[in-house]
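Structure, as structure tokens:
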Amino acid sequence: MDGWYVDERCTNCDAARQFAPELIAEVGGRSRILRPPADEAENRRLHAAVFACPTRSIRPVTGRADQALDPFPMPLDDGVLLCGHNSTHTAGATSYLLLRPSGTRMMIDTPRWSRELAERWTESGPVTDVLLTHRDHAAHGRRYADHFGARLWIHEGDLDAAPDADRVIRGLDPLEIAEGVTVHPLPGHTRGSVLYLADDRYCFSGDSFYWSRTTGDLEVAESVTWYSIEELAGSLARTAARLRFEWVLPGHGDRRRLPADEMSRRLVGLAERTRLLRPRPVDFTGVRW
């Protein structure tokens, strides 16, 4: 489309479409360019999509995208940056930097590994912790933690994916791991899935739930629940009423900000809907982001 195309490596992960849904859509099980950017703002959104795409499938016909237009790390809100550069080794999961009042940062899940990228994440402050939400996103955790001199966190249920983690979260009870930051174990997507809640504002939900542009609501990815949809239903039933946040920030699926009261209502509704679900075969094509 006027100088841009999506190549055959696209895995339909939705990461790029989240940045430019007016320019990129799902067609036939993969992303497709709908039209070229109409102005500079759309051009910036398109390039955010380019540099988030884990397979680098969104390409100009002239060759590589302009590296000067790489926007990452990209501010999402006062306290959170998007890392971009999603990794094929985490199925294209989104990674975040959580900014703390001390000037330090915490990385939630990880982008693709490169030393150049790692240097970017610390330009405005050191990263003290790498917080893994579950086993699917553990691929680069140790390497980033070692580069930063940071602590690597994972739940005991997924410990075999990061056996050299520095901090192991155990059991089902919430645990404050830093001032204003609490981890909530949420088995379901995997046995060791957790979410991290920060400042009663940000919920880093991993792959437990996400915002769906299709339904306009919080959803679970039931067709790619590896461990147990029934366990996930129980986790949500146990946890939903005690969580309060404005931003849902998942690994897969879209992000969304709503007033905390509305987000709480939607989360309770999600728990009720999930209780009615039953196990089904894993089907990557079954998710309508």
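A note on labels: chains of the structure tokens are A, B, ... as shown, every chain counts residues from 1, and ligands are counted from 1 in their shown order.
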Can you tell me which residues surround Ser223 in chain A at a distance of at most 6 Å, considering only C-alpha atoms, apart from same-chain residues fewer than 4 positions away, and format the answer as a PDB file with N, CA and C atoms, in the first residue's frame?
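This went into out17.pdb:
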```pdb
ATOM      1  N   VAL A 282      -6.358 -25.842  22.770  1.00  0.00           N
ATOM      2  CA  VAL A 282      -5.612 -24.622  22.450  1.00  0.00           C
ATOM      3  C   VAL A 282      -5.771 -24.311  20.969  1.00  0.00           C
ATOM      4  N   ASP A 283      -6.108 -23.060  20.677  1.00  0.00           N
ATOM      5  CA  ASP A 283      -6.342 -22.639  19.292  1.00  0.00           C
ATOM      6  C   ASP A 283      -5.897 -21.195  19.155  1.00  0.00           C
ATOM      7  N   GLY A 286      -8.235 -18.713  17.568  1.00  0.00           N
ATOM      8  CA  GLY A 286      -9.524 -18.488  18.217  1.00  0.00           C
ATOM      9  C   GLY A 286      -9.646 -17.173  18.941  1.00  0.00           C
TER      10      GLY A 286
END
```
List as JSON, numbers by chain the protein and nucleic acid residues near Tyr96 in chain A, meaning an atom at most 7 Å away when only C-alpha atoms are counted, but skip any in the same chain fewer than 6 places from it.
{"A": [80, 81, 82, 83, 107, 108, 109]}
Got a sec: who's within 9 Å of Thr274 in chain A, counting only C-alpha atoms, leaving out chain neighbours fewer than 4 positions off, as a PyMOL selection string?
chain A and resi 219-220+222+229-230+232-234+236-237+269-270+278
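Reported to one decimal place, the separation of CA of Ala91 in chain A from CA of Arg275 in chain A is 26.6 Å.
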Can I get the residues of range 54-148 of chain A within 10 Å of range 16-25 of chain A, each with the closest pair of atoms and their distance in Å to one decimal, using only C-alpha atoms, sorted chain first then ascending number, as JSON lines?
```
{"residue": "A:Pro54", "atom": "CA", "partner": "A:Ala16", "partner_atom": "CA", "distance": 8.7}
{"residue": "A:Arg56", "atom": "CA", "partner": "A:Ala16", "partner_atom": "CA", "distance": 9.6}
{"residue": "A:Ser57", "atom": "CA", "partner": "A:Ala16", "partner_atom": "CA", "distance": 9.5}
{"residue": "A:Ile58", "atom": "CA", "partner": "A:Ala16", "partner_atom": "CA", "distance": 8.5}
{"residue": "A:Gly84", "atom": "CA", "partner": "A:Ala16", "partner_atom": "CA", "distance": 9.5}
{"residue": "A:Asn86", "atom": "CA", "partner": "A:Ala16", "partner_atom": "CA", "distance": 9.6}
{"residue": "A:Gly92", "atom": "CA", "partner": "A:Ala16", "partner_atom": "CA", "distance": 9.7}
```
Per residue of range 7-116 of chain A within 10 Å of range 140-160 of chain A, what are the shortest atom pair and its distance in Å to one decimal, counting only C-alpha atoms, with rows by chain and residue number, as a tab-separated table?
```
residue	atom	partner	partner_atom	distance
A:Ser87	CA	A:His140	CA	9.0
A:His89	CA	A:His140	CA	8.1
A:Thr90	CA	A:His140	CA	8.5
A:Met106	CA	A:Ala150	CA	8.9
A:Met107	CA	A:Tyr144	CA	9.2
A:Ile108	CA	A:Gly141	CA	9.5
A:Asp109	CA	A:Gly141	CA	7.2
A:Thr110	CA	A:His140	CA	6.3
A:Pro111	CA	A:His140	CA	7.7
A:Arg112	CA	A:His140	CA	7.1
A:Trp113	CA	A:His140	CA	6.3
A:Ser114	CA	A:Tyr144	CA	9.0
A:Arg115	CA	A:His147	CA	8.3
```
Output N, CA, C and O atoms for every residue in the selection just made, as a CSV table (one decimal), in the first residue's frame.
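Generated output (selection.csv):
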```csv
chain,number,residue,atom,x,y,z
A,87,SER,N,9.4,-9.5,21.3
A,87,SER,CA,10.2,-10.6,21.0
A,87,SER,C,9.4,-11.8,20.5
A,87,SER,O,8.4,-12.1,21.0
A,89,HIS,N,10.4,-14.7,20.9
A,89,HIS,CA,10.7,-15.7,21.9
A,89,HIS,C,9.7,-15.6,23.1
A,89,HIS,O,9.6,-16.4,24.0
A,90,THR,N,8.9,-14.5,23.1
A,90,THR,CA,7.8,-14.4,24.1
A,90,THR,C,6.4,-14.3,23.4
A,90,THR,O,5.5,-13.7,23.9
A,106,MET,N,11.3,-0.5,37.1
A,106,MET,CA,11.0,-1.9,37.1
A,106,MET,C,10.6,-2.3,35.8
A,106,MET,O,9.7,-1.7,35.2
A,107,MET,N,11.2,-3.4,35.2
A,107,MET,CA,10.8,-3.9,33.9
A,107,MET,C,9.8,-5.1,34.1
A,107,MET,O,10.1,-6.0,34.8
A,108,ILE,N,8.6,-5.0,33.5
A,108,ILE,CA,7.6,-6.0,33.5
A,108,ILE,C,7.7,-6.8,32.2
A,108,ILE,O,7.4,-6.3,31.1
A,109,ASP,N,8.0,-8.1,32.3
A,109,ASP,CA,8.3,-8.9,31.1
A,109,ASP,C,9.4,-8.2,30.3
A,109,ASP,O,10.0,-7.2,30.7
A,110,THR,N,9.8,-8.8,29.2
A,110,THR,CA,11.0,-8.2,28.5
A,110,THR,C,10.7,-8.1,27.0
A,110,THR,O,10.0,-8.9,26.4
A,111,PRO,N,11.4,-7.1,26.4
A,111,PRO,CA,11.4,-7.0,25.0
A,111,PRO,C,12.5,-7.9,24.4
A,111,PRO,O,13.1,-8.7,25.2
A,112,ARG,N,12.7,-7.9,23.1
A,112,ARG,CA,13.8,-8.7,22.5
A,112,ARG,C,15.1,-8.2,23.1
A,112,ARG,O,15.2,-7.1,23.6
A,113,TRP,N,16.0,-9.1,23.2
A,113,TRP,CA,17.3,-8.8,23.8
A,113,TRP,C,18.3,-8.2,22.8
A,113,TRP,O,18.4,-8.7,21.7
A,114,SER,N,18.9,-7.1,23.1
A,114,SER,CA,20.1,-6.6,22.5
A,114,SER,C,20.7,-5.6,23.5
A,114,SER,O,20.0,-5.0,24.3
A,115,ARG,N,22.0,-5.6,23.4
A,115,ARG,CA,22.7,-4.7,24.4
A,115,ARG,C,22.4,-3.2,24.1
A,115,ARG,O,22.2,-2.4,25.0
```
If you run DSSP on the backbone here, which positions in range 22-268 of chain A get strand (DSSP E)? Please write them as an MDAnalysis selection string.
chainID A and resid 24:27 30:33 58:60 74:77 80:82 96:99 105:108 127:131 151:155 167:169 175:178 181:185 194:198 202:206 210:212 217:219 247:250 256:257
I'd like the interatomic distance between CA of Gly63 in chain A and CA of Tyr5 in chain A, to a tenth of an Å.
10.8 Å
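Distance-wise, CA of Thr11 in chain A and CA of Val287 in chain A end up 12.5 Å apart.
Residues with any atom within 10 Å of Pro185 in chain A, counting only C-alpha atoms and excluding same-chain neighbours fewer than 2 positions away, are Thr133, His134, His155, Glu156, Gly157, Ile169, Arg170, Gly171, Leu172, Asp173, Pro174, Leu175, Thr182, Val183, Pro187, Gly188, Arg191, Gly192, Ser193, Val194, Leu195, Tyr196, Ser235 and Thr239 of chain A.
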